[in-house]
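First up is the structure itself, then whatever we jot down about it.
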Amino acid sequence: AQSVTQPDIHITVSEGASLELRCNYSYGATPYLFWYVQSPGQGLQLLLKYFSGDTLVQGIKGFEAEFKRSQSSFNLRKPSVHWSDAAEYFCAVVPNQGGKLIFGQGTELSVKP
Amino acid sequence: EPEVTQTPSHQVTQMGQEVILRCVPISNHLYFYWYRQILGQKVEFLVSFYNNEISEKSEIFDDQFSVERPDGSNFTLKIRSTKLEDSAMYFCASSMSLAGASEQFFGPGTRLTVL
């Protein structure tokens, strides 16, 4: 069955430190891959997406993600975290034929001064 | 910038009551979705809707649930007889197409509390 795994439920980093949030997917073919962010009281905002081509994709707010087919991973990174990045981050996939998003469990990011 | 809106932001209801959650998708979008997130759990797909009919639905979307696009702007989710386990955040989303590359835009959600 298709699934998305985010192994880290909660991560705390210091402001200015680098960040990597992990995401692994289980799917027969390469799906479309997404990272969404949810701030308290807000909806889900798309950070970036991967369809094909360059495996390193750039997104909004200084985030990037790298697709690694051999590891079925799509990890999210940011070189220097800001306090405003504190939020919940969701990795998601859409099968090749399109349609519903399948979400991971989410990773809650806390940023300490 | 166009956005998806949802009303109400918070709905409290008694078990067994009917609730209708409302969404206004982005105006030129053609595909509409409902997702839900039970507290502490992942966001789960409920249903997708296109051309006035359901495109796909999950196992969660049983006979107690229905969706409707009553006019050219609103997209509603109805729960006929709410259960305690229906308490969750419900998100509406819309997209231009069903293709995997088409971004789904999400509303801020409606928090449903069933007592």
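The way I read the labels, and the way they are meant: chains A, B, ... in the order of the structure tokens, residue 1 as the first residue of every chain, and ligand 1 as the first ligand shown, with later ones counted on from there.
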
Tell me, counting only C-alpha atoms, for each residue of chain B within 6 Å of chain A, which pair of atoms is nearest and how far apart they are in Å to one decimal, in rows ordered by chain and increasing number, as a tab-separated table.
```
residue	atom	partner	partner_atom	distance
B:Lys42	CA	A:Gln105	CA	4.5
B:Val43	CA	A:Phe103	CA	5.9
B:Leu98	CA	A:Gly99	CA	5.2
B:Ala99	CA	A:Gly98	CA	4.5
B:Gly100	CA	A:Gly98	CA	3.8
B:Phe106	CA	A:Leu44	CA	5.6
B:Gly107	CA	A:Gly43	CA	5.2
B:Pro108	CA	A:Gly43	CA	3.7
```

Export of the given selection (all heavy atoms) as an mmCIF file, in the first residue's frame:
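Okay, result-v3.cif is ready:
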```
data_model
loop_
_atom_site.group_PDB
_atom_site.id
_atom_site.type_symbol
_atom_site.label_atom_id
_atom_site.label_comp_id
_atom_site.auth_asym_id
_atom_site.auth_seq_id
_atom_site.Cartn_x
_atom_site.Cartn_y
_atom_site.Cartn_z
ATOM 1 N N LYS B 42 -2.477 11.908 11.294
ATOM 2 C CA LYS B 42 -2.122 12.473 9.998
ATOM 3 C C LYS B 42 -3.351 13.017 9.276
ATOM 4 O O LYS B 42 -4.489 12.670 9.606
ATOM 5 C CB LYS B 42 -1.422 11.427 9.137
ATOM 6 C CG LYS B 42 -2.266 10.236 8.755
ATOM 7 C CD LYS B 42 -1.524 9.318 7.804
ATOM 8 C CE LYS B 42 -0.343 8.651 8.427
ATOM 9 N NZ LYS B 42 0.340 7.703 7.516
ATOM 10 N N VAL B 43 -3.102 13.868 8.310
ATOM 11 C CA VAL B 43 -4.170 14.371 7.447
ATOM 12 C C VAL B 43 -4.607 13.240 6.517
ATOM 13 O O VAL B 43 -3.773 12.592 5.869
ATOM 14 C CB VAL B 43 -3.676 15.574 6.621
ATOM 15 C CG1 VAL B 43 -4.767 16.075 5.684
ATOM 16 C CG2 VAL B 43 -3.208 16.701 7.547
ATOM 17 N N LEU B 98 -6.688 17.330 -12.044
ATOM 18 C CA LEU B 98 -6.480 16.158 -11.198
ATOM 19 C C LEU B 98 -5.063 15.626 -11.331
ATOM 20 O O LEU B 98 -4.638 14.768 -10.591
ATOM 21 C CB LEU B 98 -7.472 15.067 -11.606
ATOM 22 C CG LEU B 98 -7.727 13.934 -10.608
ATOM 23 C CD1 LEU B 98 -8.297 14.475 -9.329
ATOM 24 C CD2 LEU B 98 -8.663 12.906 -11.227
ATOM 25 N N ALA B 99 -4.324 16.180 -12.267
ATOM 26 C CA ALA B 99 -2.979 15.679 -12.512
ATOM 27 C C ALA B 99 -2.132 15.783 -11.258
ATOM 28 O O ALA B 99 -2.283 16.707 -10.457
ATOM 29 C CB ALA B 99 -2.330 16.477 -13.635
ATOM 30 N N GLY B 100 -1.225 14.849 -11.107
ATOM 31 C CA GLY B 100 -0.395 14.843 -9.916
ATOM 32 C C GLY B 100 0.403 16.100 -9.733
ATOM 33 O O GLY B 100 0.715 16.488 -8.611
ATOM 34 N N PHE B 106 -5.170 24.682 0.029
ATOM 35 C CA PHE B 106 -5.969 24.323 1.190
ATOM 36 C C PHE B 106 -6.573 25.537 1.881
ATOM 37 O O PHE B 106 -5.948 26.610 1.930
ATOM 38 C CB PHE B 106 -5.103 23.574 2.212
ATOM 39 C CG PHE B 106 -4.843 22.146 1.846
ATOM 40 C CD1 PHE B 106 -3.880 21.828 0.909
ATOM 41 C CD2 PHE B 106 -5.569 21.124 2.430
ATOM 42 C CE1 PHE B 106 -3.638 20.504 0.546
ATOM 43 C CE2 PHE B 106 -5.329 19.799 2.083
ATOM 44 C CZ PHE B 106 -4.378 19.491 1.145
ATOM 45 N N GLY B 107 -7.757 25.346 2.433
ATOM 46 C CA GLY B 107 -8.353 26.331 3.300
ATOM 47 C C GLY B 107 -7.807 26.218 4.705
ATOM 48 O O GLY B 107 -7.055 25.285 5.003
ATOM 49 N N PRO B 108 -8.204 27.132 5.598
ATOM 50 C CA PRO B 108 -7.672 27.134 6.973
ATOM 51 C C PRO B 108 -8.260 26.060 7.859
ATOM 52 O O PRO B 108 -7.761 25.835 8.956
ATOM 53 C CB PRO B 108 -8.055 28.531 7.487
ATOM 54 C CG PRO B 108 -9.267 28.896 6.704
ATOM 55 C CD PRO B 108 -9.076 28.274 5.352
#
```

Distance query Leu30 in chain B at most 8 Å, only C-alpha atoms, self and fewer than 4 positions along chain excluded, as an mmCIF file with N, CA and C atoms, in the first residue's frame:
```cif
data_model
loop_
_atom_site.group_PDB
_atom_site.id
_atom_site.type_symbol
_atom_site.label_atom_id
_atom_site.label_comp_id
_atom_site.auth_asym_id
_atom_site.auth_seq_id
_atom_site.Cartn_x
_atom_site.Cartn_y
_atom_site.Cartn_z
ATOM 1 N N TYR B 50 -15.564 16.356 -8.867
ATOM 2 C CA TYR B 50 -15.350 17.039 -10.146
ATOM 3 C C TYR B 50 -16.604 16.930 -10.989
ATOM 4 N N ASN B 51 -16.945 18.000 -11.651
ATOM 5 C CA ASN B 51 -18.072 17.994 -12.584
ATOM 6 C C ASN B 51 -19.340 17.480 -11.911
ATOM 7 N N SER B 94 -8.709 22.788 -3.253
ATOM 8 C CA SER B 94 -9.122 22.822 -4.656
ATOM 9 C C SER B 94 -7.892 22.857 -5.547
ATOM 10 N N SER B 95 -8.073 22.399 -6.782
ATOM 11 C CA SER B 95 -6.975 22.408 -7.740
ATOM 12 C C SER B 95 -7.518 22.627 -9.139
ATOM 13 N N MET B 96 -6.589 23.031 -10.036
ATOM 14 C CA MET B 96 -6.988 23.266 -11.424
ATOM 15 C C MET B 96 -7.311 21.971 -12.149
ATOM 16 N N SER B 97 -6.505 20.934 -11.854
ATOM 17 C CA SER B 97 -6.725 19.664 -12.540
ATOM 18 C C SER B 97 -6.475 18.534 -11.559
#
```

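Of note, CA of Cys23 in chain A and CA of Ser87 in chain B are spaced 27.5 Å apart.
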
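The interatomic distance for the pair CA of Pro70 in chain B and CA of Phe49 in chain B works out to 12.7 Å.
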
Exercise. Near Gln64 in chain B, within 12 Å and counting only C-alpha atoms, which residues show up once chain neighbours fewer than 6 positions away are dropped, as an MDAnalysis selection string?
Worked result: chainID B and resid 16:20 77:83 86

For this session: Output as a PyMOL selection string all residues of chain B that backbone DSSP marks as strand (DSSP E).
Result: chain B and resi 5-7+10-13+19-24+31-37+43-50+53-57+65-68+75-79+88-95+105-106+110-114

Problem set entry | Those of chain A in DSSP helix (DSSP H, G or I), formatted as a ChimeraX atom specification | /A:60-62,69-71,83-85

Could those residues be written to a file, using N, CA and C atoms, as a CSV table (one decimal), in the first residue's frame?
```csv
chain,number,residue,atom,x,y,z
A,60,ILE,N,9.7,27.9,-1.2
A,60,ILE,CA,9.6,29.2,-0.6
A,60,ILE,C,10.3,29.2,0.7
A,61,LYS,N,10.5,30.4,1.3
A,61,LYS,CA,11.0,30.6,2.6
A,61,LYS,C,12.4,30.0,2.8
A,62,GLY,N,13.1,29.8,1.8
A,62,GLY,CA,14.5,29.3,1.9
A,62,GLY,C,14.6,27.8,2.0
A,69,ARG,N,16.0,8.6,-5.3
A,69,ARG,CA,15.2,7.4,-5.7
A,69,ARG,C,15.7,6.1,-5.0
A,70,SER,N,17.0,6.0,-4.8
A,70,SER,CA,17.5,4.8,-4.3
A,70,SER,C,17.1,4.6,-2.8
A,71,GLN,N,16.8,5.7,-2.1
A,71,GLN,CA,16.4,5.6,-0.7
A,71,GLN,C,14.9,5.9,-0.5
A,83,TRP,N,13.0,31.8,13.8
A,83,TRP,CA,12.0,31.5,14.8
A,83,TRP,C,10.6,31.3,14.2
A,84,SER,N,10.4,32.0,13.1
A,84,SER,CA,9.1,31.9,12.4
A,84,SER,C,8.9,30.6,11.7
A,85,ASP,N,9.9,29.8,11.6
A,85,ASP,CA,9.7,28.5,10.9
A,85,ASP,C,9.1,27.5,11.8
```

Long-range neighbours of Leu19 in chain A as a tab-separated table (two decimals) with all heavy atoms, in the first residue's frame, 8 Å cut-off, only C-alpha atoms, 2 positions minimum in chain:
```tsv
chain	number	residue	atom	x	y	z
A	13	VAL	N	15.28	22.72	17.16
A	13	VAL	CA	16.57	23.23	16.71
A	13	VAL	C	16.75	24.65	17.23
A	13	VAL	O	15.77	25.36	17.52
A	13	VAL	CB	16.71	23.21	15.18
A	13	VAL	CG1	16.60	21.79	14.66
A	13	VAL	CG2	15.69	24.11	14.52
A	17	ALA	N	20.49	27.47	13.29
A	17	ALA	CA	21.04	26.14	12.99
A	17	ALA	C	20.40	25.60	11.72
A	17	ALA	O	19.36	26.07	11.27
A	17	ALA	CB	20.79	25.20	14.16
A	21	LEU	N	14.43	17.60	7.76
A	21	LEU	CA	13.26	16.80	8.13
A	21	LEU	C	13.17	15.64	7.16
A	21	LEU	O	13.20	15.82	5.94
A	21	LEU	CB	11.98	17.65	8.07
A	21	LEU	CG	11.95	18.91	8.93
A	21	LEU	CD1	10.60	19.60	8.81
A	21	LEU	CD2	12.25	18.58	10.38
A	76	LEU	N	13.54	17.34	3.57
A	76	LEU	CA	13.44	18.80	3.52
A	76	LEU	C	14.59	19.41	4.31
A	76	LEU	O	14.90	18.96	5.42
A	76	LEU	CB	12.10	19.24	4.12
A	76	LEU	CG	11.78	20.73	4.13
A	76	LEU	CD1	11.48	21.22	2.72
A	76	LEU	CD2	10.59	21.02	5.04
A	77	ARG	N	15.17	20.47	3.77
A	77	ARG	CA	16.31	21.09	4.44
A	77	ARG	C	16.20	22.61	4.42
A	77	ARG	O	15.54	23.18	3.54
A	77	ARG	CB	17.64	20.68	3.76
A	77	ARG	CG	17.88	19.20	3.73
A	77	ARG	CD	19.33	18.91	3.39
A	77	ARG	NE	19.68	19.31	2.04
A	77	ARG	CZ	20.00	18.48	1.06
A	77	ARG	NH1	19.96	17.17	1.28
A	77	ARG	NH2	20.34	18.91	-0.13
A	78	LYS	N	16.87	23.20	5.42
A	78	LYS	CA	17.01	24.65	5.43
A	78	LYS	C	18.34	24.95	6.12
A	78	LYS	O	18.60	24.42	7.20
A	78	LYS	CB	15.86	25.33	6.16
A	78	LYS	CG	15.91	26.85	6.06
A	78	LYS	CD	14.64	27.51	6.55
A	78	LYS	CE	14.70	29.03	6.32
A	78	LYS	NZ	13.46	29.72	6.72
A	79	PRO	N	19.18	25.76	5.52
A	79	PRO	CA	20.51	25.99	6.09
A	79	PRO	C	20.51	26.76	7.41
A	79	PRO	O	21.38	26.54	8.24
A	79	PRO	CB	21.25	26.77	4.99
A	79	PRO	CG	20.23	27.21	4.02
A	79	PRO	CD	19.01	26.40	4.22
A	80	SER	N	19.54	27.65	7.60
A	80	SER	CA	19.52	28.48	8.80
A	80	SER	C	18.07	28.74	9.19
A	80	SER	O	17.34	29.45	8.50
A	80	SER	CB	20.26	29.80	8.55
A	80	SER	OG	20.21	30.62	9.69
A	81	VAL	N	17.68	28.17	10.30
A	81	VAL	CA	16.28	28.23	10.72
A	81	VAL	C	15.98	29.55	11.44
A	81	VAL	O	16.79	30.05	12.22
A	81	VAL	CB	15.97	27.04	11.65
A	81	VAL	CG1	14.63	27.19	12.32
A	81	VAL	CG2	16.00	25.74	10.85
```
